Amino acid sequence: KERSVCNMTTSTKQPNKSTNLSYSEGAALPSDAPDWAVAASERIKTAREAGGLGQTAIPPEGTKRVLLHSCCAPCSGAMVEEMCASESLDEVVVFFYNPNIHPRKEYEIRKEENKRFCEKINVPFIDCDYDVENWYARMKGMEYDPERGHRCTECFDMRMERCALYAHEHGFDAIATTNATSRWKDAKQVDDSGFRAAARYDGLKYWAYDWQSDEMTMRKYQISANERFYKQEYCGCSYSLRDSNDWRKANGIPKIQIGGETAGLGDRYFSDPLVDAQEESQDVVDEFFAQANELAEAAGKSVSERKKALKVYKDRRKAEACDGKVNGLNNW
């Protein structure tokens, strides 16, 4: 029988719902703040005045204990805050299982920051094994799939399957994942993996919700700025690192830097919610994935054809830049 290999790395003192998540709304929004940010801030303010957070994201019926798969601290903040504020939940536990993250240095940065955040807010943190060899074995043959393609589905499946197994072994009622908060992710693709994983075990549920709403996005970046979280520059796997650097090169953007105090582009740490959110704007996301799909269709698994397609894309982007069409940062 398969068993999960994981360690509890923080205190499990009861009750373990966080009592340390308390953030102001940050500095007043500037007069030129985008409409979505103004509207989201007003809705957050209204929700607080009406009784606080935790009233909108309703857990599946009968859920008392939630195991939250976390990809990183920046994607965790708003979700953990919302879940811990829910009066219907007794326990929220963060589960870190991400063998996709490469290189190991980047993996350790993201894991340790996530662990520190959980310790600060008194939320238990499960550190699962760095199962990298099995991850590469499962992704074999999909090395040149585009982002959001079948390789990403397999990656979500692998991580959610392990999360569901641990939840089943330890009596959790539901699972969820912070992958669902990022606009760089296809929410349906993420949720489908969650539903499939939960369906393996009787009684286990997957908590689906619109975690990419403007309100959740605003909270995500407010918390990330308040905590000065490390600003990762790509999804995590070696293929994402390769493709992101190819995209950057074609757009004349410096390559990704792993760790250190200086990022390849922009700030190393989250600091301004509006600036940080703009790096995840729909225009930037759409441009990146349009190029990824174009490259996959033109080149397939051929390295030589891939180089040719990248050259064509690079030349086109230079021409577009001359006309003022520039989509810049690549912040996951």
# chains A, B, ... in the order shown; residues from 1 in each chain; ligands from 1

call {"tool": "closest_atom_pairs", "arguments": {"of": "segment 204-298 of chain A", "to": "segment 139-146 of chain A", "cutoff": "7 Å", "atoms": "only C-alpha atoms", "output": "JSON lines"}}
result
{"residue": "A:Tyr239", "atom": "CA", "partner": "A:Glu143", "partner_atom": "CA", "distance": 6.6}
{"residue": "A:Ala292", "atom": "CA", "partner": "A:Pro146", "partner_atom": "CA", "distance": 5.4}
{"residue": "A:Asn293", "atom": "CA", "partner": "A:Pro146", "partner_atom": "CA", "distance": 5.8}
{"residue": "A:Ala296", "atom": "CA", "partner": "A:Pro146", "partner_atom": "CA", "distance": 5.9}

call {"tool": "write_last_selection", "arguments": {"atoms": "N, CA and C atoms", "output": "mmCIF file, in the first residue's frame"}}
result
data_model
loop_
_atom_site.group_PDB
_atom_site.id
_atom_site.type_symbol
_atom_site.label_atom_id
_atom_site.label_comp_id
_atom_site.auth_asym_id
_atom_site.auth_seq_id
_atom_site.Cartn_x
_atom_site.Cartn_y
_atom_site.Cartn_z
ATOM 1 N N TYR A 239 11.522 22.763 -16.948
ATOM 2 C CA TYR A 239 10.981 23.093 -18.266
ATOM 3 C C TYR A 239 10.375 24.491 -18.262
ATOM 4 N N ALA A 292 3.833 30.442 -25.911
ATOM 5 C CA ALA A 292 4.123 29.054 -25.551
ATOM 6 C C ALA A 292 3.382 28.083 -26.463
ATOM 7 N N ASN A 293 2.123 28.375 -26.737
ATOM 8 C CA ASN A 293 1.340 27.501 -27.610
ATOM 9 C C ASN A 293 1.823 27.585 -29.052
ATOM 10 N N ALA A 296 5.007 25.510 -29.324
ATOM 11 C CA ALA A 296 4.744 24.074 -29.276
ATOM 12 C C ALA A 296 4.157 23.574 -30.591
#

call {"tool": "select_by_dssp", "arguments": {"residues": "segment 93-259 of chain A", "states": "alpha helix (DSSP H)", "output": "PyMOL selection string"}}
result
chain A and resi 104-121+132-139+150-169+187-198+214-227+238-250

call {"tool": "closest_residue", "arguments": {"among": "A:Ala167, A:Cys72, A:Val132, A:Ile58", "to": "Lys111 of chain A", "atoms": "only C-alpha atoms"}}
result
A:Cys72

call {"tool": "residues_around", "arguments": {"residues": "Leu204 of chain A", "least_positions_apart": "5", "cutoff": "7 Å", "atoms": "only C-alpha atoms", "output": "list in words"}}
result
Asp173, Ala174, Ala198 and Ala199 of chain A

call {"tool": "atom_distance", "arguments": {"atom1": "atom CA of Lys231 of chain A", "atom2": "atom CA of Glu280 of chain A"}}
result
12.0 Å

call {"tool": "closest_residue", "arguments": {"among": "A:Phe96, A:Tyr107, A:Phe125, A:Phe117", "to": "Asn179 of chain A", "atoms": "only C-alpha atoms"}}
result
A:Phe96

call {"tool": "atom_distance", "arguments": {"atom1": "atom CA of Lys115 of chain A", "atom2": "atom CA of Thr56 of chain A"}}
result
26.5 Å

call {"tool": "atom_distance", "arguments": {"atom1": "atom CA of Gly194 of chain A", "atom2": "atom CA of Met160 of chain A"}}
result
5.9 Å

call {"tool": "closest_residue", "arguments": {"among": "A:Trp184, A:Tyr221, A:Phe288, A:Tyr97", "to": "Asn114 of chain A", "atoms": "only C-alpha atoms"}}
result
A:Tyr97

call {"tool": "closest_residue", "arguments": {"among": "A:Asp131, A:Val66, A:Arg242, A:Glu108", "to": "His168 of chain A", "atoms": "only C-alpha atoms"}}
result
A:Val66

call {"tool": "closest_residue", "arguments": {"among": "A:Val93, A:Ala225, A:Met216, A:Ala78", "to": "Phe172 of chain A", "atoms": "only C-alpha atoms"}}
result
A:Val93

call {"tool": "residues_around", "arguments": {"residues": "Ser224 of chain A", "least_positions_apart": "6", "cutoff": "10 Å", "atoms": "only C-alpha atoms", "output": "ChimeraX atom specification"}}
result
/A:73-78,218,230-231,269-273,276

call {"tool": "select_by_dssp", "arguments": {"residues": "segment 175-241 of chain A", "states": "strand (DSSP E or B)", "output": "PyMOL selection string"}}
result
chain A and resi 175-177+205-206+230
